[in-house]
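Everything below belongs to upload-v3.cif, which stores mmCIF, C-alpha atoms, pLDDT in the B column; chains and numbers go by the auth columns.
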data_upload
#
loop_
_atom_site.group_PDB
_atom_site.id
_atom_site.type_symbol
_atom_site.label_atom_id
_atom_site.label_comp_id
_atom_site.label_asym_id
_atom_site.label_seq_id
_atom_site.Cartn_x
_atom_site.Cartn_y
_atom_site.Cartn_z
_atom_site.B_iso_or_equiv
_atom_site.auth_seq_id
_atom_site.auth_asym_id
ATOM 1 C CA MET A 1 -3.417 14.672 6.550 90.00 1229 A
ATOM 2 C CA ASP A 2 -2.191 14.624 2.985 89.00 1230 A
ATOM 3 C CA MET A 3 -0.404 11.837 1.132 90.00 1231 A
ATOM 4 C CA SER A 4 2.955 13.631 1.198 89.00 1232 A
ATOM 5 C CA MET A 5 3.011 13.275 5.009 92.00 1233 A
ATOM 6 C CA LEU A 6 2.916 9.454 4.951 93.00 1234 A
ATOM 7 C CA LYS A 7 6.190 7.729 5.726 94.00 1235 A
ATOM 8 C CA PRO A 8 7.613 4.765 3.784 93.00 1236 A
ATOM 9 C CA GLY A 9 5.725 1.595 4.695 93.00 1237 A
ATOM 10 C CA GLU A 10 2.608 3.408 5.914 94.00 1238 A
ATOM 11 C CA ILE A 11 -0.761 2.609 4.376 94.00 1239 A
ATOM 12 C CA GLY A 12 -3.527 5.160 4.033 94.00 1240 A
ATOM 13 C CA LYS A 13 -7.021 5.345 2.602 95.00 1241 A
ATOM 14 C CA ILE A 14 -7.753 8.177 0.179 93.00 1242 A
ATOM 15 C CA THR A 15 -10.528 10.410 1.527 93.00 1243 A
ATOM 16 C CA LYS A 16 -10.393 13.311 -0.936 91.00 1244 A
ATOM 17 C CA VAL A 17 -8.660 14.224 -4.190 90.00 1245 A
ATOM 18 C CA GLY A 18 -8.265 17.988 -4.003 85.00 1246 A
ATOM 19 C CA ALA A 19 -6.699 18.545 -7.424 79.00 1247 A
ATOM 20 C CA ILE A 20 -8.697 20.321 -10.126 83.00 1248 A
ATOM 21 C CA GLY A 21 -8.787 20.328 -13.910 86.00 1249 A
ATOM 22 C CA PRO A 22 -6.396 18.205 -15.968 90.00 1250 A
ATOM 23 C CA LEU A 23 -4.398 17.098 -12.900 86.00 1251 A
ATOM 24 C CA LYS A 24 -7.506 15.636 -11.245 87.00 1252 A
ATOM 25 C CA ARG A 25 -8.431 13.802 -14.469 90.00 1253 A
ATOM 26 C CA ARG A 26 -4.884 12.394 -14.769 89.00 1254 A
ATOM 27 C CA LEU A 27 -4.870 11.215 -11.150 87.00 1255 A
ATOM 28 C CA MET A 28 -8.272 9.571 -11.579 88.00 1256 A
ATOM 29 C CA ASP A 29 -7.091 7.838 -14.763 88.00 1257 A
ATOM 30 C CA MET A 30 -4.154 6.415 -12.795 87.00 1258 A
ATOM 31 C CA GLY A 31 -6.456 4.968 -10.122 86.00 1259 A
ATOM 32 C CA VAL A 32 -6.155 7.657 -7.451 89.00 1260 A
ATOM 33 C CA LEU A 33 -9.769 7.480 -6.298 89.00 1261 A
ATOM 34 C CA VAL A 34 -11.574 8.066 -3.008 91.00 1262 A
ATOM 35 C CA GLY A 35 -11.689 4.855 -0.985 92.00 1263 A
ATOM 36 C CA GLU A 36 -8.551 3.291 -2.492 92.00 1264 A
ATOM 37 C CA GLU A 37 -5.707 2.170 -0.241 94.00 1265 A
ATOM 38 C CA VAL A 38 -2.283 3.615 -0.927 95.00 1266 A
ATOM 39 C CA LYS A 39 1.066 2.409 0.434 95.00 1267 A
ATOM 40 C CA VAL A 40 4.150 4.600 0.361 95.00 1268 A
ATOM 41 C CA GLU A 41 7.019 2.490 -0.951 95.00 1269 A
ATOM 42 C CA LYS A 42 9.820 5.039 -0.878 95.00 1270 A
ATOM 43 C CA ILE A 43 10.567 8.738 -0.926 94.00 1271 A
ATOM 44 C CA ALA A 44 13.463 10.204 -2.883 93.00 1272 A
ATOM 45 C CA PRO A 45 16.336 11.617 -0.783 90.00 1273 A
ATOM 46 C CA LEU A 46 15.223 15.211 -1.323 87.00 1274 A
ATOM 47 C CA GLY A 47 11.566 14.312 -0.742 82.00 1275 A
ATOM 48 C CA ASP A 48 10.459 14.447 -4.367 86.00 1276 A
ATOM 49 C CA PRO A 49 9.097 12.243 -5.989 91.00 1277 A
ATOM 50 C CA ILE A 50 7.139 9.846 -3.790 95.00 1278 A
ATOM 51 C CA GLU A 51 6.656 6.255 -4.977 95.00 1279 A
ATOM 52 C CA VAL A 52 3.357 4.688 -3.923 95.00 1280 A
ATOM 53 C CA THR A 53 1.437 1.496 -4.635 95.00 1281 A
ATOM 54 C CA ILE A 54 -2.231 1.806 -5.608 93.00 1282 A
ATOM 55 C CA LYS A 55 -4.251 -1.151 -6.913 89.00 1283 A
ATOM 56 C CA ASN A 56 -1.106 -3.327 -7.041 90.00 1284 A
ATOM 57 C CA TYR A 57 0.876 -1.025 -9.315 88.00 1285 A
ATOM 58 C CA LYS A 58 3.595 1.494 -8.585 94.00 1286 A
ATOM 59 C CA LEU A 59 3.085 5.179 -9.202 92.00 1287 A
ATOM 60 C CA SER A 60 5.460 8.108 -8.724 93.00 1288 A
ATOM 61 C CA LEU A 61 3.940 11.418 -7.713 91.00 1289 A
ATOM 62 C CA ARG A 62 5.511 14.800 -7.258 91.00 1290 A
ATOM 63 C CA LYS A 63 5.281 16.089 -3.697 91.00 1291 A
ATOM 64 C CA LYS A 64 3.064 18.961 -4.858 90.00 1292 A
ATOM 65 C CA GLU A 65 0.598 16.481 -6.391 88.00 1293 A
ATOM 66 C CA ALA A 66 0.602 14.304 -3.251 90.00 1294 A
ATOM 67 C CA GLU A 67 -0.168 17.332 -1.077 89.00 1295 A
ATOM 68 C CA GLY A 68 -3.556 17.662 -2.805 89.00 1296 A
ATOM 69 C CA ILE A 69 -4.651 14.136 -1.866 90.00 1297 A
ATOM 70 C CA ALA A 70 -6.152 13.718 1.603 93.00 1298 A
ATOM 71 C CA VAL A 71 -5.655 10.362 3.341 94.00 1299 A
ATOM 72 C CA GLU A 72 -6.348 8.748 6.677 93.00 1300 A
ATOM 73 C CA VAL A 73 -3.699 6.418 8.065 93.00 1301 A
ATOM 74 C CA ILE A 74 -4.796 2.783 8.297 90.00 1302 A
ATOM 75 C CA ARG A 75 -1.507 1.247 9.463 84.00 1303 A
#

How does this structure look as structure tokens?
Amino acid sequence: MDMSMLKPGEIGKITKVGAIGPLKRRLMDMGVLVGEEVKVEKIAPLGDPIEVTIKNYKLSLRKKEAEGIAVEVIR
């Protein structure tokens, strides 16, 4: 499943970052790396953006960006 499918409060482990080029570099610079745990804090009313916590800091991602990040649900 991809990160955009997680619901608020769910925690997942990143298994693959499918973005390419500058987007992949930007995500990696922000700490979106394989093996990291991510918790969805909240989703905007229209579903975009998604606020997540990675490495104890908050990050807002567009839904399109989150769709390129594969996760497995931990809890």

- prompt: So what does the PyMOL selection byres ((chain A and resi 1301) around 7) actually pick up in this one, as a count of residues only?
  reply: 7

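The coordinates place CA of Leu1289 (chain A) at 11.3 Å from CA of Arg1254 (chain A).
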
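Residue neighbourhood of region 1242-1248 of chain A, excluding near-sequence residues (fewer than 3 positions): Asp1230, Met1231, Leu1251, Lys1252, Arg1253, Leu1255, Met1256, Val1260, Leu1261, Val1262, Gly1263, Glu1264, Glu1265, Val1266, Glu1293, Glu1295, Gly1296, Ile1297, Ala1298, Val1299 and Glu1300 of chain A, at 9 Å, using only C-alpha atoms.
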
query: Rounded to one decimal in Å, what is the spacing between CA of Asp1276 (chain A) and CA of Met1229 (chain A)?
result: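 Taking CA of Asp1276 (chain A) as the start and CA of Met1229 (chain A) as the end point, the length is 17.7 Å.
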
task: May I ask for the distance between CA of Gly1275 (chain A) and CA of Lys1291 (chain A), given in Å to one decimal place?
output: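 Computed distance, CA of Gly1275 (chain A) to CA of Lys1291 (chain A), equals 7.2 Å.
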
- request: Determine the nearest neighbour of Asn1284 (chain A) from the options A:Lys1267, A:Asp1257, A:Ser1232, A:Gly1237, counting all atoms listed in the file.
  value: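 Nearest candidate to Asn1284 (chain A) out of A:Lys1267, A:Asp1257, A:Ser1232, A:Gly1237: A:Lys1267.
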
- request: Expand the PyMOL selection byres ((chain A and resi 1272) around 12) into the individual residues it matches in the shown file, reporting them as an NGL selection string.
  value: :A and (1232 or 1235-1236 or 1268-1271 or 1273-1280 or 1288-1291)

Listed atoms of region 1239-1255 of chain A, axis-aligned box, 6 Å per side: centre and edge lengths to one decimal in Å, as JSON?
{"center_x": -5.6, "center_y": 11.5, "center_z": -5.8, "size_x": 21.8, "size_y": 29.7, "size_z": 32.3}
